[in-house]
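Enquirer: Here's a structure for you.
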Amino acid sequence: MPHVVTSKCMGCKFTDCVEVCPVACFYELDNQLVIHPEDCIDCTACVAECPVEAIYEESDVPAEFQANTEFNAAEARRVKDSGHEAIVKKKDPLPTAEQRKTELGY
């Protein structure tokens, strides 16, 4: 099962996860990252790297984030199909990242 970036990433966009991904399946939106479901090999390397614990295996996404599963898949496909490359190098998080991290309790 592929992994899913939930809305916990929104407003953060920490990119620690992309550097450990062996298959380059992360794509960037304005406010968060998404994982392409067909490219993800379910290695779990990204999960521990997320400072706000926004990444879950698809079958383990908490009920409150279930809608994020389809959003993640649709947006990743849209971005990739539009010709954008996967993000593979760490970037600075959003200016709101530390505040969002605190709001989430991390």
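Following the order of the structure tokens, first chain is A, next is B, and so on, with residues numbered from 1 inside each chain and ligands from 1 in the order they appear.
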DSSP on the backbone: which residues in chain A end up as strand (DSSP E)? Give the answer as number ranges by chain.
Expert: A: 3-5, 26-28, 33-35, 55-57
Enquirer: Take the residues just selected and output them with C-alpha atoms as a PDB file, in the first residue's frame.
Expert:
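File result.pdb, as written:
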```pdb
ATOM      1  CA  HIS A   3       1.825   6.146   1.785  1.00  0.00           C
ATOM      2  CA  VAL A   4      -0.257   9.293   2.094  1.00  0.00           C
ATOM      3  CA  VAL A   5       0.653  12.808   3.152  1.00  0.00           C
ATOM      4  CA  PHE A  26       6.950  13.263  -3.592  1.00  0.00           C
ATOM      5  CA  TYR A  27       5.376  16.180  -5.411  1.00  0.00           C
ATOM      6  CA  GLU A  28       5.034  19.728  -4.226  1.00  0.00           C
ATOM      7  CA  LEU A  33       3.645  17.764  -0.250  1.00  0.00           C
ATOM      8  CA  VAL A  34       1.855  14.745  -1.726  1.00  0.00           C
ATOM      9  CA  ILE A  35       2.984  11.196  -2.559  1.00  0.00           C
ATOM     10  CA  ILE A  55       2.706  10.563   6.576  1.00  0.00           C
ATOM     11  CA  TYR A  56       0.769   7.324   6.996  1.00  0.00           C
ATOM     12  CA  GLU A  57       0.463   4.029   5.185  1.00  0.00           C
TER      13      GLU A  57
END
```
Enquirer: Taking into account only C-alpha atoms, which residue in the set A:Cys21, A:Cys50, A:Met1, A:Ile41 is nearest to Pro93 in chain A?
Expert: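 Going through A:Cys21, A:Cys50, A:Met1, A:Ile41 one by one, the smallest distance to Pro93 in chain A is for A:Cys50.
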Enquirer: Given only C-alpha atoms as the basis, pick out the residue of A:His84, A:Cys40, A:Lys13, A:Val20 nearest to Lys101 in chain A.
Expert: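 Between A:His84, A:Cys40, A:Lys13, A:Val20, the residue approaching Lys101 in chain A most closely is A:Lys13.
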Enquirer: Could you please determine the separation between CA of Glu49 in chain A and CA of Cys17 in chain A in Å, to one decimal place?
Expert: 5.2 Å
Enquirer: Just want the 6 Å neighbourhood of Cys9 in chain A, counted on only C-alpha atoms, with same-chain residues fewer than 3 positions away dropped. Output as a PyMOL selection string.
Expert: chain A and resi 12-13+32+54
Enquirer: Based on the selection just made, write N, CA and C atoms of those residues as a CSV table (one decimal), in the first residue's frame.
Expert:
```
chain,number,residue,atom,x,y,z
A,12,CYS,N,3.1,23.6,6.7
A,12,CYS,CA,4.5,23.3,7.1
A,12,CYS,C,5.4,23.1,5.9
A,13,LYS,N,5.1,22.0,5.2
A,13,LYS,CA,5.9,21.6,4.0
A,13,LYS,C,7.4,21.4,4.4
A,32,GLN,N,1.8,22.2,0.7
A,32,GLN,CA,2.1,20.9,1.3
A,32,GLN,C,2.7,20.0,0.2
A,54,ALA,N,3.0,13.6,9.5
A,54,ALA,CA,1.9,13.7,8.5
A,54,ALA,C,1.8,12.6,7.5
```
Enquirer: In Å, how far is it from CA of Ala48 in chain A to CA of Arg78 in chain A?
Expert: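 Spanning CA of Ala48 in chain A to CA of Arg78 in chain A is a straight-line distance of 26.3 Å.
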Enquirer: Given only C-alpha atoms as the basis, pick out the residue of A:Val18, A:Ala97, A:Ala73, A:Val88 nearest to Val47 in chain A.
Expert: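 Nearest to Val47 in chain A: A:Val18.
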Enquirer: Please return as a ChimeraX atom specification: the residues of chain A that backbone DSSP assigns to alpha helix (DSSP H).
Expert: /A:16-20,66-81,97-103
Enquirer: Within 7 Å of range 59-68 of chain A, counting only C-alpha atoms, which residues show up once you throw out same-chain ones fewer than 4 positions away? Write them as a PyMOL selection string, please.
Expert: chain A and resi 6-7+72
Enquirer: Considering only C-alpha atoms, can you say which of A:Asp16, A:Asp42, A:Asp30, A:Glu53 comes closest to Glu75 in chain A?
Expert: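 Closest candidate: A:Asp30.
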Enquirer: Within 8 Å of Cys25 in chain A, counting only C-alpha atoms, which residues show up once you throw out same-chain ones fewer than 6 positions away? Write them as an MDAnalysis selection string, please.
Expert: chainID A and resid 35:37 39:40 86:87
Enquirer: Those same residues - N, CA and C atoms - I'd like them written as a compact mmCIF listing (two decimals), in the first residue's frame.
Expert:
```txt
# COMPACT_ATOMS: atom_id res chain seq x y z
N ILE A 35 2.26 12.38 -2.10
CA ILE A 35 2.98 11.20 -2.56
C ILE A 35 2.21 10.57 -3.71
N HIS A 36 2.91 10.28 -4.80
CA HIS A 36 2.26 9.64 -5.94
C HIS A 36 2.04 8.17 -5.60
N PRO A 37 0.77 7.71 -5.60
CA PRO A 37 0.46 6.36 -5.14
C PRO A 37 1.02 5.24 -6.00
N ASP A 39 3.90 5.44 -7.67
CA ASP A 39 5.36 5.48 -7.60
C ASP A 39 5.90 5.05 -6.24
N CYS A 40 5.11 5.21 -5.21
CA CYS A 40 5.53 4.85 -3.85
C CYS A 40 5.72 3.32 -3.75
N ALA A 86 9.37 15.27 -9.61
CA ALA A 86 9.27 14.98 -8.18
C ALA A 86 10.30 15.83 -7.44
N ILE A 87 10.00 16.15 -6.19
CA ILE A 87 10.93 16.89 -5.35
C ILE A 87 11.85 15.86 -4.69
```
Enquirer: A:Leu104, A:Lys90, A:Gly83, A:Ala24: which is nearest Lys8 in chain A, counting only C-alpha atoms?
Expert: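 Smallest separation from Lys8 in chain A among the options: A:Leu104.
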Enquirer: Here is a test: counting only C-alpha atoms, which residue of A:Met10, A:Val52, A:Val23, A:Leu94 is nearest to Glu38 in chain A?
Expert: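 Among A:Met10, A:Val52, A:Val23, A:Leu94, it is A:Val23 that comes nearest to Glu38 in chain A.
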Enquirer: CA of Pro95 in chain A to CA of Pro51 in chain A: how many Å, to one decimal?
Expert: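 About the pair CA of Pro95 in chain A and CA of Pro51 in chain A: they are 15.1 Å apart.
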